[in-house]
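**Q** I'm passing along target_27.pdb; it holds PDB, C-alpha atoms.
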ATOM      1  CA  MET A   1     -34.818   3.237 -12.781
ATOM      2  CA  GLY A   2     -35.400   6.853 -13.788
ATOM      3  CA  PHE A   3     -32.036   8.332 -12.751
ATOM      4  CA  THR A   4     -28.416   7.965 -13.788
ATOM      5  CA  LEU A   5     -25.154   7.258 -12.010
ATOM      6  CA  ARG A   6     -23.961  10.668 -13.132
ATOM      7  CA  GLN A   7     -26.881  12.294 -11.306
ATOM      8  CA  LEU A   8     -25.877  10.377  -8.171
ATOM      9  CA  GLU A   9     -22.292  11.620  -8.530
ATOM     10  CA  VAL A  10     -23.524  15.205  -8.782
ATOM     11  CA  PHE A  11     -25.882  14.721  -5.846
ATOM     12  CA  LEU A  12     -23.087  13.291  -3.655
ATOM     13  CA  ALA A  13     -20.768  16.165  -4.541
ATOM     14  CA  VAL A  14     -23.382  18.621  -3.293
ATOM     15  CA  ALA A  15     -24.343  16.476  -0.295
ATOM     16  CA  GLU A  16     -20.740  16.167   0.889
ATOM     17  CA  GLY A  17     -19.987  19.892   0.682
ATOM     18  CA  LEU A  18     -23.508  21.265   1.029
ATOM     19  CA  HIS A  19     -22.651  23.847  -1.588
ATOM     20  CA  PHE A  20     -23.747  23.873  -5.236
ATOM     21  CA  GLY A  21     -20.910  26.125  -6.388
ATOM     22  CA  ARG A  22     -18.137  24.068  -4.840
ATOM     23  CA  ALA A  23     -19.707  20.894  -6.225
ATOM     24  CA  ALA A  24     -19.624  22.438  -9.701
ATOM     25  CA  GLU A  25     -15.935  23.308  -9.305
ATOM     26  CA  ARG A  26     -15.115  19.820  -8.072
ATOM     27  CA  LEU A  27     -16.909  18.193 -11.003
ATOM     28  CA  HIS A  28     -15.640  20.741 -13.568
ATOM     29  CA  ILE A  29     -19.141  21.630 -14.716
ATOM     30  CA  SER A  30     -21.271  24.757 -14.414
ATOM     31  CA  GLN A  31     -23.430  25.496 -11.393
ATOM     32  CA  PRO A  32     -26.636  25.600 -13.510
ATOM     33  CA  THR A  33     -25.791  22.076 -14.723
ATOM     34  CA  VAL A  34     -25.479  20.918 -11.111
ATOM     35  CA  SER A  35     -28.864  22.436 -10.269
ATOM     36  CA  GLN A  36     -30.475  20.827 -13.332
ATOM     37  CA  GLU A  37     -29.113  17.370 -12.495
ATOM     38  CA  ILE A  38     -30.325  17.637  -8.896
ATOM     39  CA  ALA A  39     -33.767  18.736 -10.081
ATOM     40  CA  ARG A  40     -33.959  15.756 -12.480
ATOM     41  CA  LEU A  41     -32.929  13.389  -9.689
ATOM     42  CA  GLU A  42     -35.546  14.775  -7.304
ATOM     43  CA  ARG A  43     -38.245  14.390  -9.970
ATOM     44  CA  ALA A  44     -37.135  10.812 -10.583
ATOM     45  CA  VAL A  45     -37.281   9.784  -6.919
ATOM     46  CA  GLY A  46     -40.327  11.919  -6.142
ATOM     47  CA  VAL A  47     -39.014  13.642  -2.999
ATOM     48  CA  GLU A  48     -36.957  16.705  -2.145
ATOM     49  CA  LEU A  49     -33.382  15.840  -1.231
ATOM     50  CA  PHE A  50     -32.245  19.289  -0.122
ATOM     51  CA  ASP A  51     -33.850  21.746   2.259
ATOM     52  CA  ARG A  52     -33.760  25.062   0.407
ATOM     53  CA  ARG A  53     -35.892  27.050   2.858
ATOM     54  CA  ARG A  54     -32.849  28.367   4.712
ATOM     55  CA  ARG A  55     -29.875  30.313   3.418
ATOM     56  CA  ALA A  56     -27.541  27.363   3.979
ATOM     57  CA  VAL A  57     -28.090  24.190   1.944
ATOM     58  CA  GLY A  58     -29.063  21.177   4.034
ATOM     59  CA  LEU A  59     -30.123  17.597   3.416
ATOM     60  CA  THR A  60     -33.662  16.471   4.097
ATOM     61  CA  SER A  61     -34.153  13.162   5.906
ATOM     62  CA  ALA A  62     -34.742  11.572   2.490
ATOM     63  CA  GLY A  63     -31.564  13.237   1.252
ATOM     64  CA  GLU A  64     -29.530  11.707   4.083
ATOM     65  CA  VAL A  65     -30.767   8.234   3.127
ATOM     66  CA  MET A  66     -30.109   8.987  -0.528
ATOM     67  CA  ALA A  67     -26.541  10.075   0.226
ATOM     68  CA  ALA A  68     -25.702   6.872   2.097
ATOM     69  CA  GLU A  69     -27.263   4.615  -0.522
ATOM     70  CA  SER A  70     -25.772   6.595  -3.428
ATOM     71  CA  ALA A  71     -22.272   6.202  -2.029
ATOM     72  CA  ARG A  72     -22.823   2.462  -1.706
ATOM     73  CA  LEU A  73     -24.270   2.169  -5.212
ATOM     74  CA  LEU A  74     -21.441   4.151  -6.809
ATOM     75  CA  ALA A  75     -18.855   2.023  -5.012
ATOM     76  CA  GLN A  76     -20.554  -1.092  -6.365
ATOM     77  CA  ALA A  77     -20.523   0.391  -9.854
ATOM     78  CA  GLU A  78     -16.784   1.093  -9.565
ATOM     79  CA  SER A  79     -16.208  -2.465  -8.386
ATOM     80  CA  LEU A  80     -18.220  -3.813 -11.304
ATOM     81  CA  LEU A  81     -16.159  -1.836 -13.820
ATOM     82  CA  ALA A  82     -12.892  -2.883 -12.215
ATOM     83  CA  ARG A  83     -13.895  -6.530 -12.314
ATOM     84  CA  VAL A  84     -14.970  -6.365 -15.955
ATOM     85  CA  ARG A  85     -11.749  -4.591 -16.926
ATOM     86  CA  LEU A  86      -9.734  -7.468 -15.525
ATOM     87  CA  HIS A  87     -10.878  -9.345 -18.619
ATOM     88  CA  GLU A  88      -9.683  -6.809 -21.133
ATOM     89  CA  GLU A  89      -7.570  -8.634 -23.681
ATOM     90  CA  ALA A  90      -4.541  -6.490 -22.822
ATOM     91  CA  ARG A  91      -4.775  -7.481 -19.147
ATOM     92  CA  MET A  92      -5.458 -11.182 -19.524
ATOM     93  CA  GLY A  93      -1.812 -11.918 -20.246
ATOM     94  CA  THR A  94      -0.164  -9.228 -18.127
ATOM     95  CA  ALA A  95       0.578  -9.084 -14.416
ATOM     96  CA  ARG A  96       1.603  -5.790 -12.882
ATOM     97  CA  ILE A  97       3.357  -6.255  -9.546
ATOM     98  CA  VAL A  98       3.796  -3.292  -7.200
ATOM     99  CA  ALA A  99       6.470  -3.760  -4.558
ATOM    100  CA  SER A 100       8.252  -1.898  -1.773
ATOM    101  CA  PRO A 101      12.050  -1.392  -1.955
ATOM    102  CA  SER A 102      13.246  -4.462  -0.055
ATOM    103  CA  VAL A 103      11.016  -6.737  -2.160
ATOM    104  CA  MET A 104      12.705  -5.426  -5.300
ATOM    105  CA  ASN A 105      16.079  -6.681  -4.067
ATOM    106  CA  ARG A 106      15.637 -10.443  -3.874
ATOM    107  CA  LEU A 107      12.083 -11.743  -4.024
ATOM    108  CA  LEU A 108      10.883  -9.984  -7.152
ATOM    109  CA  PRO A 109      13.905 -10.875  -9.324
ATOM    110  CA  ALA A 110      13.477 -14.523  -8.304
ATOM    111  CA  VAL A 111       9.749 -14.389  -9.078
ATOM    112  CA  VAL A 112      10.218 -12.758 -12.487
ATOM    113  CA  SER A 113      12.973 -15.203 -13.424
ATOM    114  CA  ARG A 114      10.812 -18.221 -12.588
ATOM    115  CA  ALA A 115       7.756 -16.731 -14.267
ATOM    116  CA  GLU A 116       9.676 -16.316 -17.514
ATOM    117  CA  ARG A 117      10.462 -20.035 -17.485
ATOM    118  CA  GLU A 118       7.280 -21.507 -16.023
ATOM    119  CA  LEU A 119       4.611 -19.018 -17.131
ATOM    120  CA  PRO A 120       5.852 -17.947 -20.593
ATOM    121  CA  ALA A 121       2.382 -16.794 -21.681
ATOM    122  CA  LEU A 122       2.289 -14.266 -18.834
ATOM    123  CA  GLU A 123       4.087 -10.955 -19.166
ATOM    124  CA  THR A 124       5.143  -9.336 -15.888
ATOM    125  CA  ALA A 125       5.677  -5.640 -15.240
ATOM    126  CA  GLU A 126       7.179  -4.339 -11.990
ATOM    127  CA  VAL A 127       6.240  -1.079 -10.257
ATOM    128  CA  SER A 128       8.552   0.080  -7.453
ATOM    129  CA  VAL A 129       7.065   2.385  -4.799
ATOM    130  CA  ASP A 130       8.250   3.834  -1.509
ATOM    131  CA  THR A 131       7.551   2.101   1.785
ATOM    132  CA  GLY A 132       3.884   2.483   2.726
ATOM    133  CA  ARG A 133       2.605   3.055  -0.828
ATOM    134  CA  VAL A 134       1.878  -0.498  -2.000
ATOM    135  CA  SER A 135      -1.798  -0.784  -1.028
ATOM    136  CA  SER A 136      -2.785   2.667  -2.286
ATOM    137  CA  THR A 137      -1.105   1.983  -5.637
ATOM    138  CA  LEU A 138      -2.872  -1.361  -5.881
ATOM    139  CA  ALA A 139      -6.266   0.111  -4.951
ATOM    140  CA  ALA A 140      -5.854   2.768  -7.632
ATOM    141  CA  GLU A 141      -5.811  -0.083 -10.178
ATOM    142  CA  PHE A 142      -2.196   0.596 -11.156
ATOM    143  CA  ALA A 143      -1.217  -3.010 -10.386
ATOM    144  CA  ASP A 144      -2.641  -6.519 -10.009
ATOM    145  CA  ILE A 145      -0.536  -7.881  -7.130
ATOM    146  CA  GLY A 146       1.007  -5.968  -4.238
ATOM    147  CA  LEU A 147       4.046  -7.103  -2.247
ATOM    148  CA  GLY A 148       5.193  -5.319   0.887
ATOM    149  CA  ARG A 149       5.080  -5.135   4.662
ATOM    150  CA  PHE A 150       2.203  -4.131   6.937
ATOM    151  CA  LEU A 151      -0.098  -3.558   3.962
ATOM    152  CA  ASP A 152      -3.355  -1.666   4.468
ATOM    153  CA  GLU A 153      -6.817  -3.149   4.574
ATOM    154  CA  VAL A 154      -8.507  -2.317   1.255
ATOM    155  CA  PRO A 155     -12.172  -3.218   0.607
ATOM    156  CA  GLY A 156     -12.425  -5.841  -2.105
ATOM    157  CA  TYR A 157      -8.823  -6.998  -1.704
ATOM    158  CA  ARG A 158      -7.315  -9.965   0.089
ATOM    159  CA  ARG A 159      -4.147  -9.644   2.164
ATOM    160  CA  GLU A 160      -2.022 -12.697   2.981
ATOM    161  CA  THR A 161       1.199 -13.061   4.970
ATOM    162  CA  ILE A 162       3.546 -15.113   2.807
ATOM    163  CA  ALA A 163       6.696 -14.997   4.966
ATOM    164  CA  ASP A 164       8.061 -13.790   8.284
ATOM    165  CA  GLU A 165      11.482 -12.576   7.273
ATOM    166  CA  PRO A 166      14.292 -12.395   9.850
ATOM    167  CA  VAL A 167      15.507  -8.936  10.860
ATOM    168  CA  ARG A 168      19.189  -8.083  10.598
ATOM    169  CA  VAL A 169      21.269  -5.215  11.955
ATOM    170  CA  ALA A 170      22.869  -2.998   9.315
ATOM    171  CA  LEU A 171      26.241  -1.610  10.428
ATOM    172  CA  GLY A 172      29.265   0.027   8.915
ATOM    173  CA  ARG A 173      31.868  -2.538   7.854
ATOM    174  CA  GLY A 174      34.377  -0.881  10.173
ATOM    175  CA  HIS A 175      32.192  -1.144  13.270
ATOM    176  CA  SER A 176      33.634  -3.299  16.062
ATOM    177  CA  LEU A 177      30.552  -5.566  15.977
ATOM    178  CA  ALA A 178      30.415  -5.959  12.188
ATOM    179  CA  GLY A 179      32.382  -9.197  12.196
ATOM    180  CA  ARG A 180      30.231 -10.905  14.814
ATOM    181  CA  ASP A 181      27.906 -13.799  14.030
ATOM    182  CA  ALA A 182      25.127 -12.075  16.003
ATOM    183  CA  VAL A 183      24.660  -8.913  18.059
ATOM    184  CA  ARG A 184      22.359  -7.848  20.869
ATOM    185  CA  LEU A 185      20.603  -4.515  20.480
ATOM    186  CA  ASN A 186      21.775  -3.309  23.865
ATOM    187  CA  GLU A 187      25.313  -3.452  22.476
ATOM    188  CA  LEU A 188      24.249  -0.644  20.114
ATOM    189  CA  ARG A 189      22.570   1.578  22.692
ATOM    190  CA  ASP A 190      25.089   4.374  22.045
ATOM    191  CA  LEU A 191      24.169   4.586  18.351
ATOM    192  CA  PRO A 192      21.033   6.227  16.898
ATOM    193  CA  LEU A 193      18.667   4.215  14.722
ATOM    194  CA  LEU A 194      18.371   5.238  11.072
ATOM    195  CA  LEU A 195      14.681   5.011  10.127
ATOM    196  CA  TRP A 196      12.309   6.781   7.774
ATOM    197  CA  PRO A 197       9.729   9.152   9.344
ATOM    198  CA  ARG A 198       6.713   7.631  11.078
ATOM    199  CA  GLU A 199       4.199   9.287   8.749
ATOM    200  CA  GLN A 200       5.729   7.315   5.882
ATOM    201  CA  HIS A 201       4.377   4.040   7.319
ATOM    202  CA  PRO A 202       3.229   4.210  10.978
ATOM    203  CA  ARG A 203       2.705   0.479  11.614
ATOM    204  CA  TYR A 204       6.051  -0.520  10.126
ATOM    205  CA  HIS A 205       7.824   2.290  11.986
ATOM    206  CA  ASP A 206       6.213   1.307  15.299
ATOM    207  CA  HIS A 207       7.078  -2.365  14.758
ATOM    208  CA  VAL A 208      10.767  -1.557  14.339
ATOM    209  CA  LEU A 209      10.808   0.623  17.452
ATOM    210  CA  GLY A 210       8.873  -2.109  19.258
ATOM    211  CA  LEU A 211      11.672  -4.591  18.501
ATOM    212  CA  CYS A 212      14.057  -2.210  20.222
ATOM    213  CA  SER A 213      11.760  -1.642  23.199
ATOM    214  CA  GLU A 214      11.302  -5.395  23.711
ATOM    215  CA  ARG A 215      15.069  -5.619  24.143
ATOM    216  CA  GLY A 216      15.239  -2.721  26.574
ATOM    217  CA  VAL A 217      16.650  -0.246  24.081
ATOM    218  CA  GLU A 218      15.122   3.098  23.125
ATOM    219  CA  PRO A 219      17.535   4.575  20.599
ATOM    220  CA  PRO A 220      17.278   8.118  19.277
ATOM    221  CA  VAL A 221      15.961   8.081  15.730
ATOM    222  CA  LEU A 222      17.724   9.692  12.806
ATOM    223  CA  VAL A 223      15.155  10.450  10.135
ATOM    224  CA  SER A 224      15.947   8.923   6.766
ATOM    225  CA  PRO A 225      14.323   9.394   3.354
ATOM    226  CA  PRO A 226      11.621   6.830   2.449
ATOM    227  CA  ARG A 227      14.308   4.370   1.339
ATOM    228  CA  ILE A 228      17.040   3.482   3.821
ATOM    229  CA  VAL A 229      19.347   2.943   0.851
ATOM    230  CA  GLY A 230      18.983   6.616  -0.026
ATOM    231  CA  SER A 231      21.132   9.640   0.677
ATOM    232  CA  ARG A 232      21.548   8.906   4.420
ATOM    233  CA  LEU A 233      23.263   5.549   3.913
ATOM    234  CA  TYR A 234      26.622   7.167   4.653
ATOM    235  CA  LEU A 235      25.557   7.414   8.304
ATOM    236  CA  LEU A 236      25.775   3.618   8.485
ATOM    237  CA  SER A 237      29.065   3.313   6.635
ATOM    238  CA  GLN A 238      30.613   5.976   8.889
ATOM    239  CA  ASN A 239      29.445   4.133  12.036
ATOM    240  CA  ARG A 240      27.233   7.043  13.031
ATOM    241  CA  ALA A 241      24.016   4.979  13.120
ATOM    242  CA  PHE A 242      22.613   1.484  12.746
ATOM    243  CA  SER A 243      19.464   0.245  11.069
ATOM    244  CA  LEU A 244      17.152  -2.768  11.300
ATOM    245  CA  VAL A 245      16.422  -4.288   7.917
ATOM    246  CA  PRO A 246      14.915  -7.486   6.483
ATOM    247  CA  ARG A 247      17.441 -10.194   5.593
ATOM    248  CA  SER A 248      16.722  -9.715   1.893
ATOM    249  CA  MET A 249      18.543  -6.355   2.131
ATOM    250  CA  THR A 250      21.814  -8.214   2.707
ATOM    251  CA  GLY A 251      24.146  -7.506  -0.177
ATOM    252  CA  HIS A 252      21.943  -4.687  -1.501
ATOM    253  CA  LEU A 253      23.232  -1.747   0.534
ATOM    254  CA  THR A 254      26.852  -0.763  -0.200
ATOM    255  CA  GLU A 255      30.202  -2.472   0.198
ATOM    256  CA  GLU A 256      30.804  -0.318   3.275
ATOM    257  CA  VAL A 257      27.701  -1.670   5.054
ATOM    258  CA  VAL A 258      27.172  -5.208   6.333
ATOM    259  CA  THR A 259      24.231  -6.934   8.007
ATOM    260  CA  VAL A 260      24.552  -9.038  11.143
ATOM    261  CA  ARG A 261      22.069 -11.467  12.669
ATOM    262  CA  LEU A 262      20.083 -10.062  15.603
ATOM    263  CA  THR A 263      20.134 -12.141  18.782
ATOM    264  CA  GLY A 264      16.656 -13.468  19.593
ATOM    265  CA  ARG A 265      13.736 -13.958  17.227
ATOM    266  CA  ALA A 266      12.762 -10.822  15.345
ATOM    267  CA  THR A 267      10.879 -10.829  12.065
ATOM    268  CA  LEU A 268       9.169  -8.561   9.572
ATOM    269  CA  PRO A 269       6.035  -9.856   7.848
ATOM    270  CA  LEU A 270       6.026  -9.988   4.067
ATOM    271  CA  GLU A 271       2.512  -9.739   2.619
ATOM    272  CA  MET A 272       0.815 -10.201  -0.715
ATOM    273  CA  GLN A 273      -2.397  -8.423  -1.719
ATOM    274  CA  TRP A 274      -4.747  -8.792  -4.689
ATOM    275  CA  ARG A 275      -8.361  -8.319  -5.758
ATOM    276  CA  LEU A 276     -10.738 -10.878  -4.273
ATOM    277  CA  ASP A 277     -12.547 -11.230  -7.591
ATOM    278  CA  ASP A 278      -9.412 -11.628  -9.721
ATOM    279  CA  ASP A 279      -9.902 -15.198 -10.915
ATOM    280  CA  ARG A 280      -7.558 -15.115 -13.910
ATOM    281  CA  PRO A 281      -5.817 -18.531 -13.942
ATOM    282  CA  ARG A 282      -2.415 -17.126 -14.895
ATOM    283  CA  LEU A 283      -2.527 -14.669 -12.012
ATOM    284  CA  ALA A 284      -3.458 -17.486  -9.619
ATOM    285  CA  ALA A 285      -0.442 -19.444 -10.855
ATOM    286  CA  LEU A 286       1.774 -16.401 -10.358
ATOM    287  CA  ARG A 287       0.539 -15.899  -6.790
ATOM    288  CA  GLU A 288       1.400 -19.512  -5.996
ATOM    289  CA  LEU A 289       4.854 -19.033  -7.471
ATOM    290  CA  ILE A 290       5.319 -15.938  -5.286
ATOM    291  CA  ARG A 291       4.354 -17.937  -2.182
ATOM    292  CA  GLU A 292       6.977 -20.547  -3.000
ATOM    293  CA  GLU A 293       9.727 -18.000  -3.525
ATOM    294  CA  ALA A 294       8.738 -16.082  -0.368
ATOM    295  CA  ALA A 295       9.192 -19.257   1.668
ATOM    296  CA  ALA A 296      12.886 -19.141   0.776
ATOM    297  CA  LEU A 297      13.173 -15.735   2.462
ATOM    298  CA  GLN A 298      11.848 -17.250   5.662
ATOM    299  CA  ASP A 299      13.729 -20.547   5.560
ATOM    300  CA  GLY A 300      16.865 -19.743   3.576
TER
END
Is it possible to give me this structure as structure tokens?
**A**
Amino acid sequence: MGFTLRQLEVFLAVAEGLHFGRAAERLHISQPTVSQEIARLERAVGVELFDRRRRAVGLTSAGEVMAAESARLLAQAESLLARVRLHEEARMGTARIVASPSVMNRLLPAVVSRAERELPALETAEVSVDTGRVSSTLAAEFADIGLGRFLDEVPGYRRETIADEPVRVALGRGHSLAGRDAVRLNELRDLPLLLWPREQHPRYHDHVLGLCSERGVEPPVLVSPPRIVGSRLYLLSQNRAFSLVPRSMTGHLTEEVVTVRLTGRATLPLEMQWRLDDDRPRLAALRELIREEAAALQDG
């Protein structure tokens, strides 16, 4: 082939910033080393990749093609390494599951308990992350299976909805509606909604506000930390706010907070995500077990 992946990495660093010095800083190597690697790459391909006739560095037409193809080739190389590493002996018998807070309450304990009995050769490890961080953690190869809501599209990964979990209203135990079998959102129009900031997870945030809008309610929003069960939970117990939570949060807030069924159909999707090329049999068995347990969230 005549050139190396490392030379492509150096070339892309220069091509993206159009500056040899900044590329050297980014790669933690010297600027002369960057220049040498680019020169070797140009000799290998037989064309100039950078226009050096002007003061500012620019890509030649060949360099523009090289940049696009190099990015694609390096991504394929990363995918190849990730797929091979799935078969490391240490990973063949281990499943790392990354999950958002509400999944840690009910689904994941049920999954781990069943896996211990039915998949004894598989060791599970759980990674808890804030809302909106499941897909990025999974894509960074810190986990094998992701569980959460409104997960992101990630190249090379499959995303599957495994349950549509009913939404419940979280209220202080002393609220006048707390003892009801079901409540309508317009009965809470005088209370603000406790919800984490939109930048934490835009699609999830917009879905919750959309449930309110569909019912003719546009409550003011009180910004919460990433986890509703965090330091702002007292606002619920003191009847100063309400929140909309998945049913699996029931019993996992505080004794001063209860959840009540919401009138009319309202659900939150629960999704599972994993590498498309992860064909380890034990992981396939675990994913099927997760599907079965998730069905209980929807039907139970």
**Q** Tell me, as a PDB file with C-alpha atoms, in the coordinates of the input, which residues lie within 10 Å of Thr131 (chain A), counting all atoms listed in the file; anything in the same chain fewer than 6 positions away does not count.
**A**
ATOM      1  CA  ALA A  99       6.470  -3.760  -4.558  1.00  0.00           C
ATOM      2  CA  SER A 100       8.252  -1.898  -1.773  1.00  0.00           C
ATOM      3  CA  PRO A 101      12.050  -1.392  -1.955  1.00  0.00           C
ATOM      4  CA  SER A 102      13.246  -4.462  -0.055  1.00  0.00           C
ATOM      5  CA  GLY A 148       5.193  -5.319   0.887  1.00  0.00           C
ATOM      6  CA  ARG A 149       5.080  -5.135   4.662  1.00  0.00           C
ATOM      7  CA  PHE A 150       2.203  -4.131   6.937  1.00  0.00           C
ATOM      8  CA  LEU A 151      -0.098  -3.558   3.962  1.00  0.00           C
ATOM      9  CA  TRP A 196      12.309   6.781   7.774  1.00  0.00           C
ATOM     10  CA  GLN A 200       5.729   7.315   5.882  1.00  0.00           C
ATOM     11  CA  HIS A 201       4.377   4.040   7.319  1.00  0.00           C
ATOM     12  CA  TYR A 204       6.051  -0.520  10.126  1.00  0.00           C
ATOM     13  CA  PRO A 226      11.621   6.830   2.449  1.00  0.00           C
ATOM     14  CA  ARG A 227      14.308   4.370   1.339  1.00  0.00           C
ATOM     15  CA  ILE A 228      17.040   3.482   3.821  1.00  0.00           C
TER      16      ILE A 228
END
**Q** Need to verify the contact set: Glu126 (chain A), 10 Å, all atoms listed in the file, exclusion of same-chain residues closer than 3 positions in sequence. Can you return it as a ChimeraX atom specification?
**A** /A:95-99,104,108-109,112,129,143,145
**Q** Pick from A:Arg280, A:Arg240, A:Arg133, A:Arg159: nearest to Glu199 (chain A), with all atoms listed in the file counted?
**A**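 Nearest to Glu199 (chain A): A:Arg133.
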**Q** Find the residue from A:Leu297, A:Leu286, A:Leu191, A:Leu270 that sits nearest to Thr161 (chain A); use all atoms listed in the file when measuring.
**A**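 Answer, going by the shortest atom-to-atom distance: A:Leu270.
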**Q** Report as a VMD selection string the full result of the PyMOL selection byres ((chain A and resi 219) around 10) when it is applied to this structure.
**A** chain A and resid 185 to 186 188 to 194 209 212 to 213 216 to 218 220 to 222 241 to 242
**Q** Can those selected residues be exported to a file as a CSV table (one decimal), in the frame of the given file so that it contains C-alpha atoms?
**A**
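Everything below was put into result-v3.csv:
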chain,number,residue,atom,x,y,z
A,185,LEU,CA,20.6,-4.5,20.5
A,186,ASN,CA,21.8,-3.3,23.9
A,188,LEU,CA,24.2,-0.6,20.1
A,189,ARG,CA,22.6,1.6,22.7
A,190,ASP,CA,25.1,4.4,22.0
A,191,LEU,CA,24.2,4.6,18.4
A,192,PRO,CA,21.0,6.2,16.9
A,193,LEU,CA,18.7,4.2,14.7
A,194,LEU,CA,18.4,5.2,11.1
A,209,LEU,CA,10.8,0.6,17.5
A,212,CYS,CA,14.1,-2.2,20.2
A,213,SER,CA,11.8,-1.6,23.2
A,216,GLY,CA,15.2,-2.7,26.6
A,217,VAL,CA,16.6,-0.2,24.1
A,218,GLU,CA,15.1,3.1,23.1
A,220,PRO,CA,17.3,8.1,19.3
A,221,VAL,CA,16.0,8.1,15.7
A,222,LEU,CA,17.7,9.7,12.8
A,241,ALA,CA,24.0,5.0,13.1
A,242,PHE,CA,22.6,1.5,12.7
**Q** Kindly indicate which residue among A:Leu74, A:Ala62, A:Leu283, A:Met272 lies nearest to Val10 (chain A), using all atoms listed in the file for the distances.
**A**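 Ranking A:Leu74, A:Ala62, A:Leu283, A:Met272 by distance to Val10 (chain A), first place goes to A:Leu74.
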**Q** Which neighbours of region 287-291 of chain A fall inside 10 Å, counting all atoms listed in the file, when residues of the same chain fewer than 2 positions from it are skipped, and could you give them as an MDAnalysis selection string?
**A** chainID A and resid 107:108 110:112 114:115 118:119 145 147 160:163 271:274 281:285 293:296
**Q** Could you pull the residues within 12 Å of Gly179 (chain A), counting only C-alpha atoms, minus those fewer than 5 positions along the same chain, as a list in words?
**A**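 Counting only C-alpha atoms, the residues come to Val169, Ala170, Leu171, Gly172, Arg173, Gly174, Val257, Val258, Thr259, Val260 and Arg261 of chain A.
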**Q** What is the CA of Arg184 (chain A) to CA of Thr263 (chain A) distance in Å?
**A**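 About the pair CA of Arg184 (chain A) and CA of Thr263 (chain A): they are 5.3 Å apart.
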**Q** Find the residue from A:Val57, A:Val154, A:Val103, A:Val245 that sits nearest to Glu141 (chain A); use all atoms listed in the file when measuring.
**A**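 Between A:Val57, A:Val154, A:Val103, A:Val245, the residue approaching Glu141 (chain A) most closely is A:Val154.
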**Q** With the file shown as input, list the residues that the PyMOL selection byres ((chain A and resi 3) around 12) selects, as a list in words.
**A**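 Checking the PyMOL selection byres ((chain A and resi 3) around 12) against this file, the residues are Met1, Gly2, Thr4, Leu5, Arg6, Gln7, Leu8, Glu9, Val10, Phe11, Glu37, Ile38, Ala39, Arg40, Leu41, Glu42, Arg43, Ala44, Val45, Gly46 and Ser70 of chain A.
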